[in-house]
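This is work_9.txt. It holds compact mmCIF, C-alpha atoms.
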# COMPACT_ATOMS: atom_id res chain seq x y z
CA MET A 279 0.00 0.00 0.00
CA SER A 280 2.64 2.54 -0.96
CA ASN A 281 1.63 6.08 -1.75
CA GLU A 282 2.90 5.86 -5.30
CA ILE A 283 0.09 5.97 -7.80
CA SER A 284 0.52 4.10 -11.04
CA ALA A 285 -1.73 2.62 -13.66
CA LYS A 286 -0.55 -0.10 -15.97
CA GLU A 287 -0.87 0.20 -19.66
CA ILE A 288 -1.80 -3.11 -21.16
CA ALA A 289 -2.68 -4.63 -24.47
CA LEU A 290 -6.04 -6.33 -24.24
CA PRO A 291 -6.89 -9.16 -26.64
CA PHE A 292 -9.45 -6.95 -28.33
CA ASP A 293 -7.17 -3.94 -28.42
CA ILE A 294 -7.44 -1.92 -31.61
CA ALA A 295 -5.37 0.85 -33.08
CA GLY A 296 -6.07 4.19 -31.44
CA THR A 297 -7.44 2.67 -28.26
CA GLU A 298 -5.94 3.61 -24.92
CA SER A 299 -6.24 0.64 -22.56
CA LEU A 300 -5.64 0.75 -18.84
CA ASN A 301 -5.94 -1.92 -16.22
CA VAL A 302 -5.84 -0.27 -12.81
CA ASP A 303 -5.50 -2.18 -9.57
CA LEU A 304 -7.38 -1.86 -6.30
CA ASP A 305 -4.49 -0.08 -4.61
CA TYR A 306 -4.68 2.62 -7.26
CA VAL A 307 -8.43 2.90 -6.69
CA SER A 308 -7.98 3.12 -2.91
CA LYS A 309 -5.58 6.02 -3.41
CA LEU A 310 -8.09 7.82 -5.59
CA LEU A 311 -10.68 7.23 -2.88
CA GLU A 312 -8.12 8.36 -0.27
CA SER A 313 -9.13 5.41 1.85
CA ASN A 314 -5.60 4.33 2.92
CA ASN A 315 -3.74 5.38 6.06
CA LEU A 316 -6.77 6.86 7.80
CA GLY A 317 -6.44 4.70 10.90
CA TYR A 318 -9.70 2.97 10.02
CA THR A 319 -9.80 -0.29 8.09
CA GLY A 320 -13.35 -1.53 8.59
CA LYS A 321 -12.44 -3.46 11.73
CA GLY A 322 -15.51 -4.90 13.45
CA VAL A 323 -17.77 -4.03 10.51
CA LYS A 324 -19.77 -6.72 8.70
CA VAL A 325 -20.47 -6.27 5.02
CA ALA A 326 -22.94 -8.59 3.29
CA VAL A 327 -22.26 -9.13 -0.40
CA LEU A 328 -25.39 -10.29 -2.23
CA ASP A 329 -24.09 -11.74 -5.46
CA THR A 330 -23.01 -14.94 -7.20
CA GLY A 331 -21.69 -16.86 -4.18
CA TYR A 332 -18.52 -17.93 -2.45
CA THR A 333 -16.26 -20.87 -3.26
CA LYS A 334 -15.66 -22.41 0.16
CA SER A 335 -13.92 -25.54 -1.10
CA SER A 336 -11.08 -23.54 -2.64
CA VAL A 337 -10.99 -20.13 -1.01
CA HIS A 338 -9.39 -17.41 -3.12
CA PRO A 339 -6.11 -16.16 -1.55
CA MET A 340 -7.55 -12.65 -1.21
CA LEU A 341 -10.52 -13.99 0.76
CA GLU A 342 -8.70 -16.28 3.21
CA GLY A 343 -10.22 -15.72 6.66
CA LYS A 344 -12.51 -12.96 5.40
CA VAL A 345 -15.88 -14.68 5.03
CA ILE A 346 -17.50 -15.28 8.40
CA LEU A 347 -20.85 -16.54 7.14
CA SER A 348 -22.28 -17.73 3.84
CA VAL A 349 -25.65 -18.85 2.55
CA ASN A 350 -27.28 -19.75 -0.76
CA PHE A 351 -30.70 -18.36 -1.78
CA SER A 352 -30.11 -18.79 -5.51
CA SER A 353 -31.60 -21.41 -7.82
CA SER A 354 -28.19 -23.09 -8.16
CA PRO A 355 -27.60 -26.10 -5.91
CA PHE A 356 -24.18 -25.04 -4.60
CA ILE A 357 -22.88 -21.83 -3.07
CA ASP A 358 -19.69 -21.77 -5.17
CA ASP A 359 -19.02 -18.62 -7.16
CA ILE A 360 -18.82 -20.10 -10.64
CA VAL A 361 -19.30 -16.69 -12.27
CA GLY A 362 -16.50 -14.95 -10.33
CA HIS A 363 -18.40 -11.66 -9.99
CA SER A 364 -18.97 -12.06 -6.25
CA THR A 365 -15.32 -12.95 -5.65
CA TRP A 366 -14.31 -9.69 -7.34
CA CYS A 367 -16.75 -7.67 -5.21
CA MET A 368 -15.71 -9.32 -1.94
CA SER A 369 -12.01 -8.82 -2.72
CA CYS A 370 -12.69 -5.17 -3.47
CA ILE A 371 -14.31 -4.62 -0.07
CA ALA A 372 -12.09 -6.62 2.28
CA GLY A 373 -9.54 -8.56 0.24
CA LYS A 374 -6.16 -9.45 1.72
CA HIS A 375 -3.11 -7.65 0.35
CA ILE A 376 -1.74 -9.54 -2.65
CA LEU A 377 0.97 -8.62 -5.15
CA THR A 378 0.48 -10.49 -8.41
CA GLU A 379 1.80 -9.91 -11.89
CA GLY A 380 2.80 -6.38 -10.89
CA TYR A 381 -0.64 -5.54 -9.55
CA ASN A 382 -1.09 -4.34 -5.99
CA LEU A 383 -4.43 -5.61 -4.72
CA HIS A 384 -6.21 -5.15 -1.40
CA GLY A 385 -9.67 -4.36 -0.15
CA ILE A 386 -10.78 -0.81 0.49
CA ALA A 387 -11.59 -1.85 4.07
CA PRO A 388 -9.23 -4.81 4.55
CA ASP A 389 -10.27 -5.59 8.13
CA ALA A 390 -14.01 -5.73 7.43
CA GLU A 391 -15.74 -9.10 7.67
CA ILE A 392 -17.77 -10.50 4.80
CA ILE A 393 -21.14 -12.25 4.84
CA ALA A 394 -21.42 -13.99 1.45
CA VAL A 395 -25.03 -14.30 0.33
CA LYS A 396 -25.60 -16.07 -2.97
CA VAL A 397 -28.75 -14.61 -4.54
CA LEU A 398 -27.79 -14.96 -8.21
CA ASN A 399 -27.36 -18.36 -9.83
CA ASP A 400 -24.45 -19.67 -11.85
CA GLU A 401 -25.65 -17.70 -14.88
CA GLY A 402 -25.82 -14.47 -12.85
CA ASN A 403 -29.63 -14.49 -12.68
CA GLY A 404 -31.98 -14.17 -9.72
CA GLU A 405 -35.45 -12.99 -8.81
CA PHE A 406 -36.83 -10.40 -6.44
CA SER A 407 -37.65 -13.17 -3.94
CA SER A 408 -34.10 -14.56 -3.70
CA ILE A 409 -32.70 -11.09 -3.16
CA ILE A 410 -35.38 -10.10 -0.65
CA GLU A 411 -34.57 -13.20 1.40
CA GLY A 412 -30.87 -12.43 1.08
CA ILE A 413 -31.37 -8.91 2.42
CA HIS A 414 -33.47 -10.25 5.30
CA PHE A 415 -30.78 -12.82 6.13
CA ALA A 416 -28.06 -10.17 6.08
CA VAL A 417 -29.94 -7.85 8.41
CA GLU A 418 -30.91 -10.65 10.80
CA ASN A 419 -27.27 -11.78 10.95
CA GLY A 420 -25.81 -8.45 11.94
CA ALA A 421 -24.66 -6.93 8.66
CA ASN A 422 -23.80 -3.22 8.98
CA ILE A 423 -23.59 -2.74 5.23
CA ILE A 424 -25.08 -4.56 2.24
CA SER A 425 -23.45 -4.38 -1.19
CA MET A 426 -25.51 -5.36 -4.24
CA SER A 427 -24.03 -5.16 -7.72
CA LEU A 428 -27.25 -6.29 -9.35
CA GLY A 429 -30.50 -4.99 -10.70
CA ALA A 430 -33.17 -4.98 -13.36
CA PRO A 431 -33.07 -2.23 -16.00
CA TYR A 432 -36.29 -0.34 -15.29
CA ASP A 433 -37.77 2.14 -12.84
CA ASP A 434 -40.11 0.66 -10.22
CA ASN A 435 -40.63 4.09 -8.64
CA GLY A 436 -39.10 2.61 -5.51
CA GLU A 437 -42.28 0.62 -4.92
CA SER A 438 -41.42 -2.97 -5.85
CA PRO A 439 -41.11 -5.51 -3.01
CA LEU A 440 -37.36 -5.49 -3.59
CA SER A 441 -37.02 -1.72 -3.24
CA GLN A 442 -39.30 -1.78 -0.22
CA THR A 443 -37.03 -4.38 1.36
CA VAL A 444 -33.99 -2.18 0.74
CA ASP A 445 -35.84 0.63 2.54
CA TRP A 446 -36.68 -1.78 5.36
CA ALA A 447 -33.00 -2.76 5.74
CA ARG A 448 -32.04 0.90 5.97
CA SER A 449 -34.72 1.42 8.62
CA GLN A 450 -32.96 -1.32 10.60
CA GLY A 451 -29.74 0.72 10.59
CA VAL A 452 -28.07 -1.02 7.66
CA ILE A 453 -26.45 0.90 4.80
CA VAL A 454 -27.44 -0.57 1.43
CA CYS A 455 -25.22 0.16 -1.59
CA VAL A 456 -26.75 -0.71 -4.97
CA ALA A 457 -25.29 -0.47 -8.48
CA ALA A 458 -26.87 2.25 -10.60
CA GLY A 459 -26.66 0.02 -13.67
CA ASN A 460 -24.78 0.02 -16.97
CA SER A 461 -27.69 1.02 -19.16
CA ASN A 462 -26.79 4.56 -20.16
CA THR A 463 -27.65 5.41 -23.74
CA ASN A 464 -27.02 9.00 -24.74
CA GLY A 465 -27.98 10.35 -21.34
CA SER A 466 -31.54 9.06 -21.35
CA PRO A 467 -32.97 8.11 -17.96
CA SER A 468 -31.72 4.58 -17.32
CA PRO A 469 -32.41 3.55 -13.73
CA ASN A 470 -32.07 0.07 -12.30
CA THR A 471 -34.33 -1.51 -9.68
CA PRO A 472 -33.54 -1.59 -6.71
CA GLY A 473 -31.15 1.31 -7.23
CA THR A 474 -34.40 3.23 -7.38
CA SER A 475 -35.08 2.44 -3.72
CA LYS A 476 -35.63 5.67 -1.83
CA ARG A 477 -33.04 4.86 0.82
CA ALA A 478 -30.39 3.00 -1.20
CA ILE A 479 -27.00 4.55 -1.79
CA THR A 480 -27.10 4.15 -5.55
CA VAL A 481 -23.62 3.96 -7.00
CA GLY A 482 -22.64 5.31 -10.40
CA SER A 483 -19.34 4.81 -12.18
CA ILE A 484 -16.59 7.19 -13.21
CA ASN A 485 -13.24 6.38 -14.79
CA THR A 486 -9.94 7.06 -13.08
CA LYS A 487 -9.62 10.32 -15.02
CA GLY A 488 -12.66 11.48 -13.03
CA ALA A 489 -15.14 11.48 -15.89
CA HIS A 490 -18.56 9.81 -16.00
CA SER A 491 -18.20 6.25 -17.40
CA SER A 492 -20.00 6.02 -20.71
CA PHE A 493 -22.13 3.08 -19.58
CA SER A 494 -23.12 4.33 -16.13
CA SER A 495 -26.89 4.76 -15.75
CA MET A 496 -28.17 8.29 -15.31
CA GLY A 497 -31.02 10.02 -13.57
CA GLY A 498 -34.30 11.43 -14.66
CA ALA A 499 -35.91 8.63 -12.74
CA SER A 500 -38.34 8.61 -9.85
CA LYS A 501 -35.38 8.85 -7.49
CA SER A 502 -33.26 11.97 -7.33
CA PRO A 503 -30.37 12.18 -7.35
CA TYR A 504 -29.76 9.04 -9.37
CA PRO A 505 -27.04 7.91 -8.87
CA THR A 506 -26.41 9.03 -5.30
CA ILE A 507 -22.60 9.00 -5.53
CA SER A 508 -19.86 7.69 -7.80
CA ALA A 509 -16.73 5.56 -7.61
CA TYR A 510 -14.32 3.94 -10.04
CA GLY A 511 -15.81 1.34 -12.38
CA GLY A 512 -13.62 1.78 -15.44
CA ASP A 513 -14.89 2.84 -18.82
CA ILE A 514 -15.18 1.88 -22.45
CA THR A 515 -15.77 4.32 -25.24
CA ASN A 516 -15.86 4.07 -29.00
CA GLY A 517 -15.09 6.72 -31.57
CA ASP A 518 -12.06 8.76 -32.46
CA ASN A 519 -10.58 8.56 -28.96
CA ASN A 520 -11.30 5.05 -27.79
CA TYR A 521 -10.69 4.49 -24.10
CA ASP A 522 -10.85 1.18 -22.30
CA GLU A 523 -10.29 0.93 -18.57
CA SER A 524 -10.80 -2.01 -16.21
CA ILE A 525 -10.30 -2.51 -12.49
CA MET A 526 -8.22 -5.52 -11.42
CA GLY A 527 -9.46 -7.72 -8.61
CA ALA A 528 -9.88 -11.36 -7.60
CA PHE A 529 -11.91 -13.35 -10.12
CA GLN A 530 -12.81 -17.05 -10.01
CA THR A 531 -9.50 -18.71 -9.02
CA GLY A 532 -7.31 -15.91 -10.37
CA TYR A 533 -7.50 -12.21 -11.15
CA ALA A 534 -9.19 -10.12 -13.81
CA GLY A 535 -9.92 -6.57 -14.81
CA LEU A 536 -13.66 -5.85 -14.87
CA ARG A 537 -15.68 -2.72 -15.49
CA GLY A 538 -19.13 -1.52 -14.54
CA THR A 539 -21.15 0.01 -11.73
CA SER A 540 -20.76 -3.50 -10.28
CA MET A 541 -17.17 -2.54 -9.48
CA ALA A 542 -17.94 0.95 -8.18
CA THR A 543 -20.56 -0.38 -5.72
CA PRO A 544 -18.27 -2.50 -3.48
CA GLU A 545 -15.79 0.39 -3.47
CA ILE A 546 -18.47 2.55 -1.85
CA ALA A 547 -19.37 -0.31 0.50
CA GLY A 548 -15.70 -0.39 1.53
CA VAL A 549 -15.65 3.36 2.17
CA CYS A 550 -18.85 2.96 4.22
CA ALA A 551 -17.16 0.20 6.24
CA ILE A 552 -14.31 2.58 7.07
CA LEU A 553 -16.80 5.26 8.10
CA MET A 554 -18.88 2.75 10.06
CA GLU A 555 -15.85 1.73 12.11
CA LYS A 556 -15.38 5.37 13.08
CA LEU A 557 -18.99 6.50 13.42
CA GLY A 558 -20.90 3.32 14.30
CA ASN A 559 -24.19 4.62 12.97
CA ALA A 560 -25.76 4.34 9.51
CA ASP A 561 -27.22 7.85 9.49
CA LEU A 562 -23.86 9.40 10.37
CA VAL A 563 -22.09 7.21 7.82
CA GLU A 564 -24.44 8.29 5.05
CA GLN A 565 -24.10 11.96 5.99
CA ALA A 566 -20.31 11.76 6.06
CA LEU A 567 -20.15 9.84 2.79
CA LEU A 568 -22.19 12.44 0.94
CA LYS A 569 -20.66 15.48 2.61
CA GLY A 570 -17.18 14.23 1.76
CA ALA A 571 -17.96 13.62 -1.89
CA VAL A 572 -15.99 15.75 -4.34
CA ASP A 573 -18.18 17.52 -6.87
CA ILE A 574 -17.47 16.56 -10.49
CA ASP A 575 -19.27 16.84 -13.81
CA ASP A 576 -21.98 19.53 -13.68
CA PRO A 577 -21.66 21.85 -10.66
CA GLY A 578 -23.56 20.59 -7.62
CA ILE A 579 -25.55 17.39 -7.44
CA ASP A 580 -26.07 16.13 -10.97
CA ARG A 581 -27.76 13.29 -12.80
CA SER A 582 -24.60 11.59 -14.04
CA THR A 583 -22.50 11.39 -10.84
CA GLY A 584 -24.88 12.41 -8.03
CA TYR A 585 -23.01 14.09 -5.17
CA GLY A 586 -19.73 13.42 -7.00
CA LYS A 587 -16.78 11.10 -6.46
CA ALA A 588 -16.42 9.47 -3.07
CA ASN A 589 -13.47 10.45 -0.90
CA ALA A 590 -12.98 8.61 2.39
CA LYS A 591 -10.49 11.12 3.82
CA LYS A 592 -12.76 14.08 3.21
CA SER A 593 -15.69 12.13 4.65
CA ILE A 594 -13.70 11.43 7.80
CA GLU A 595 -12.78 15.11 8.00
CA THR A 596 -16.44 16.15 7.81
CA THR A 597 -17.14 14.24 10.99
CA GLY A 598 -15.34 16.99 12.93
CA LEU A 599 -14.46 16.60 16.56
CA GLN A 600 -13.27 13.17 17.53
CA MET A 601 -15.40 11.63 20.23
CA PRO A 602 -13.34 10.62 23.24
CA SER A 603 -12.53 6.94 23.51
CA LYS A 604 -13.74 4.77 26.38
CA ASN A 605 -10.30 5.12 28.01
CA THR A 606 -10.50 8.90 27.75
CA ILE A 607 -13.95 8.92 29.33
CA ALA A 608 -12.65 6.73 32.16
CA GLY A 609 -9.83 9.23 32.67
CA ILE A 610 -12.26 12.14 32.70
CA LEU A 611 -14.39 10.46 35.35
CA ALA A 612 -11.25 9.82 37.43
CA LEU A 613 -10.27 13.49 37.19
CA ILE A 614 -13.73 14.64 38.19
CA GLY A 615 -13.49 12.17 41.06
CA VAL A 616 -10.43 14.03 42.45
CA GLY A 617 -12.34 17.29 42.61
CA GLY A 618 -11.79 18.91 39.23
CA ALA A 619 -13.92 19.95 36.33
CA LEU A 620 -13.57 19.41 32.63
CA TYR A 621 -14.53 21.79 29.88
CA LEU A 622 -14.18 21.93 26.13
CA LEU A 623 -12.45 24.87 24.45
CA ASN A 624 -11.15 25.15 20.90
CA SER A 625 -11.79 21.47 20.29
CA LYS A 626 -9.62 20.47 23.27
CA TYR A 627 -10.57 19.20 26.67
CA HIS A 628 -9.26 21.26 29.63
CA PHE A 629 -9.21 20.36 33.30
CA ILE A 630 -9.45 22.82 36.18
CA LYS A 631 -9.47 22.20 39.91
CA MET B 124 -47.92 -20.30 -14.13
CA VAL B 125 -46.09 -17.24 -12.90
CA LYS B 126 -44.07 -16.57 -9.79
CA ILE B 127 -45.67 -13.91 -7.60
CA ILE B 128 -45.05 -12.03 -4.37
CA ILE B 129 -48.14 -11.26 -2.30
CA GLN B 130 -47.64 -8.24 -0.09
CA THR B 131 -49.49 -8.30 3.21
CA SER B 132 -49.26 -6.62 6.56
CA THR B 133 -46.47 -8.09 8.65
CA GLY B 134 -46.90 -10.75 11.32
CA ASN B 135 -49.90 -13.05 11.62
CA THR B 136 -51.63 -11.51 8.62
CA THR B 137 -48.92 -12.96 6.39
CA ASN B 138 -49.61 -16.48 7.62
CA MET B 139 -53.36 -15.92 7.30
CA VAL B 140 -53.02 -14.75 3.70
CA ALA B 141 -50.76 -17.70 2.89
CA SER B 142 -53.41 -20.11 4.19
CA SER B 143 -56.10 -18.30 2.29
CA ALA B 144 -54.06 -18.38 -0.91
CA ALA B 145 -53.30 -22.06 -0.52
CA SER B 146 -57.02 -22.75 -0.29
CA THR B 147 -57.47 -21.35 -3.80
CA GLY B 148 -54.95 -23.84 -5.17
CA ILE B 149 -52.04 -21.43 -5.34
CA ARG B 150 -48.73 -23.18 -4.57
CA ILE B 151 -47.03 -21.36 -1.71
CA THR B 152 -43.24 -21.45 -2.06
CA GLY B 153 -42.27 -19.28 0.89
CA ILE B 154 -43.48 -16.98 3.65
CA ASN B 155 -41.73 -14.04 5.30
CA PRO B 156 -43.92 -12.60 8.10
CA THR B 157 -41.23 -10.09 9.12
CA LEU B 158 -41.41 -8.39 5.74
CA GLY B 159 -45.04 -9.31 4.99
CA PHE B 160 -44.40 -11.32 1.82
CA VAL B 161 -45.87 -14.59 0.59
CA TYR B 162 -44.07 -16.19 -2.36
CA ALA B 163 -46.15 -18.37 -4.65
CA ASP B 164 -46.69 -19.90 -8.09
CA ALA B 165 -50.07 -19.04 -9.60
CA ASP B 166 -51.98 -18.80 -12.87
CA SER B 167 -53.67 -15.58 -13.96
CA ASN B 168 -57.07 -16.57 -12.53
CA GLN B 169 -55.54 -17.32 -9.17
CA VAL B 170 -53.68 -14.00 -9.20
CA GLN B 171 -57.01 -12.22 -9.67
CA GLN B 172 -58.63 -14.25 -6.89
CA ILE B 173 -55.92 -13.63 -4.34
CA SER B 174 -55.74 -9.92 -5.12
CA SER B 175 -59.16 -9.38 -3.55
CA LYS B 176 -58.60 -11.54 -0.46
CA PRO B 177 -58.61 -9.85 2.99
CA GLY B 178 -55.16 -8.84 4.18
CA VAL B 179 -53.66 -8.62 0.70
CA ILE B 180 -52.11 -5.23 -0.01
CA LYS B 181 -50.82 -5.88 -3.51
CA VAL B 182 -49.67 -8.73 -5.75
CA PHE B 183 -46.39 -8.35 -7.63
CA TYR B 184 -44.65 -10.52 -10.17
CA ASP B 185 -41.42 -12.05 -8.91
CA GLU B 186 -39.31 -10.21 -11.48
CA PRO B 187 -35.93 -11.33 -12.82
CA VAL B 188 -32.78 -9.54 -11.69
CA ARG B 189 -29.24 -9.83 -13.05
CA LEU B 190 -25.76 -8.99 -11.98
CA VAL B 191 -24.68 -5.63 -13.33
CA ASN B 192 -21.74 -6.53 -15.53
CA MET B 193 -20.49 -5.21 -18.81

Representation of the structure as structure tokens:
Amino acid sequence: MSNEISAKEIALPFDIAGTESLNVDLDYVSKLLESNNLGYTGKGVKVAVLDTGYTKSSVHPMLEGKVILSVNFSSSPFIDDIVGHSTWCMSCIAGKHILTEGYNLHGIAPDAEIIAVKVLNDEGNGEFSSIIEGIHFAVENGANIISMSLGAPYDDNGESPLSQTVDWARSQGVIVCVAAGNSNTNGSPSPNTPGTSKRAITVGSINTKGAHSSFSSMGGASKSPYPTISAYGGDITNGDNNYDESIMGAFQTGYAGLRGTSMATPEIAGVCAILMEKLGNADLVEQALLKGAVDIDDPGIDRSTGYGKANAKKSIETTGLQMPSKNTIAGILALIGVGGALYLLNSKYHFIK
Amino acid sequence: MVKIIIQTSTGNTTNMVASSAASTGIRITGINPTLGFVYADADSNQVQQISSKPGVIKVFYDEPVRLVNM
């Protein structure tokens, strides 16, 4: 986790003349998110990943010791992640530090714990019911955050049973991060259910140059803003200046560069895990996440990137005065016990007798 | 046959609606009283019948969802 930022230029199999191709790693993304070296790593925070499963029989090196609970609600008979999508998302949130083929990979919140909930089958398909039950399971089993890189490409006005269940989870004090979708066509409204849920943190994608990813779904939907916030999901563009960018992470038994709001969503879940460790409360986490976002694209909240690009450091800074630790409080009580008084001035505690 | 989600009030009403739906021949595949959902397989006639039963708020199709990949 050095502070040096680098992106690797690669030649993809489908590379064509005039195309700039980048494969960036998770360490690079974490630096853009400013999520390293904050003193918070997601310790004690449980993140449920509702996706394509978890291969228990042959745990990916990035996920060793990370998954504390797993369950299968999908139509596939086994929990294994045949698709690999879930493995990528889990590694992005809490993956162990791995150096491979010159890539520096680690989770955004490497000390968070993962609850792996398989709600999509081995073809990547599910139904409302499997996901609803997955959300219920996650909440009942103590998840602080739910990450869902899934959806259906239409606007349910936030009223479908699935969106209602997302709202229910949030009412139980659980942050729910949902992919905005990859359905953008020429800026037309392109929401995804349950990203349309009123209380979801709906995650759009930007590339590492800080521009809206061409595919990332945009607002104009029942929910506003849509997306809520943005993180790094790569990009792919066609035309005179082709640009192709993927984000490297764990995939199946190896590693792969993927792109999409699917990738941006667990990044935000990781940032939320960092904030949850510090703040311990979903409302405060959501406030800090949005207040710390850096405005990009159109000035102010906009329909392509929402509040802007997430920034963990700025979100931490918005939380202001550090609450005293339990040890500090014990010390304060001891001081008061010896006949003094404590007061707060200029953000510092002072003791007088 | 289609897969449906019957929305009810939470708690005992969910179980009551599930029993009522089963009596119309609908195949109940799951119940979640905490969230107020009954999951079932039904034909279009049965969907119409259950929609007007006491305790039923709304009947939804159990829609497909996919991972959001490129």

Exercise for the section: Compute the set of chain A residues within 7 Å of chain B, using only C-alpha atoms, and express it as a list of chain:residue names. Expected result: A:Gly402, A:Asn403, A:Gly404, A:Glu405, A:Phe406, A:Ser407, A:Ser427, A:Leu428, A:Gly429, A:Ala430, A:Gly459, A:Asn460, A:Arg537, A:Gly538, A:Thr539, A:Ser540

Problem - Spatial neighbours of range 170-179 of chain B, 7 Å, only C-alpha atoms, chain gap at least 6 places, as a ChimeraX atom specification - result: /B:129-132,136,140,144

Would you compute an axis-aligned box for range 178-183 of chain B, covering every atom listed for it in the file with 3 Å of margin on each side, and report centre and edge lengths in Å to one decimal as AutoDock Vina command-line options?
--center_x -50.8 --center_y -7.0 --center_z -1.7 --size_x 14.8 --size_y 9.6 --size_z 17.8

Exercise for the section: Please identify all polymer residues within 7 Å of Arg150 in chain B, counting all atoms listed in the file, omitting same-chain residues fewer than 5 positions from it, and present them as an MDAnalysis selection string. Expected result: chainID B and resid 145 163:165

Problem - Residues within 9 Å of Gly343 in chain A, all atoms listed in the file, excluding chain neighbours under 3 positions, as a PyMOL selection string - result: chain A and resi 337+340+346+374+391

Fill in the blank from the handout: Expressed in Å, the length from CA of Val417 in chain A to CA of Gly473 in chain A is 18.2 Å

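Note that the spacing between CA of Ser352 in chain A and CA of Val481 in chain A amounts to 23.7 Å.
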
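Counting from CA of Thr597 in chain A, the distance to CA of Tyr510 in chain A is 23.6 Å.
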
Practice task
List every protein, DNA or RNA residue that has an atom no more than 9 Å from (-34.7, 7.5, -15.5) in the file's coordinate frame, counting all atoms listed in the file, and report them as a list in words.
Solution key: Tyr432, Asp433, Ser466, Pro467, Ser468, Pro469, Asn470, Ser495, Met496, Gly497, Gly498, Ala499, Ser500, Lys501 and Tyr504 of chain A
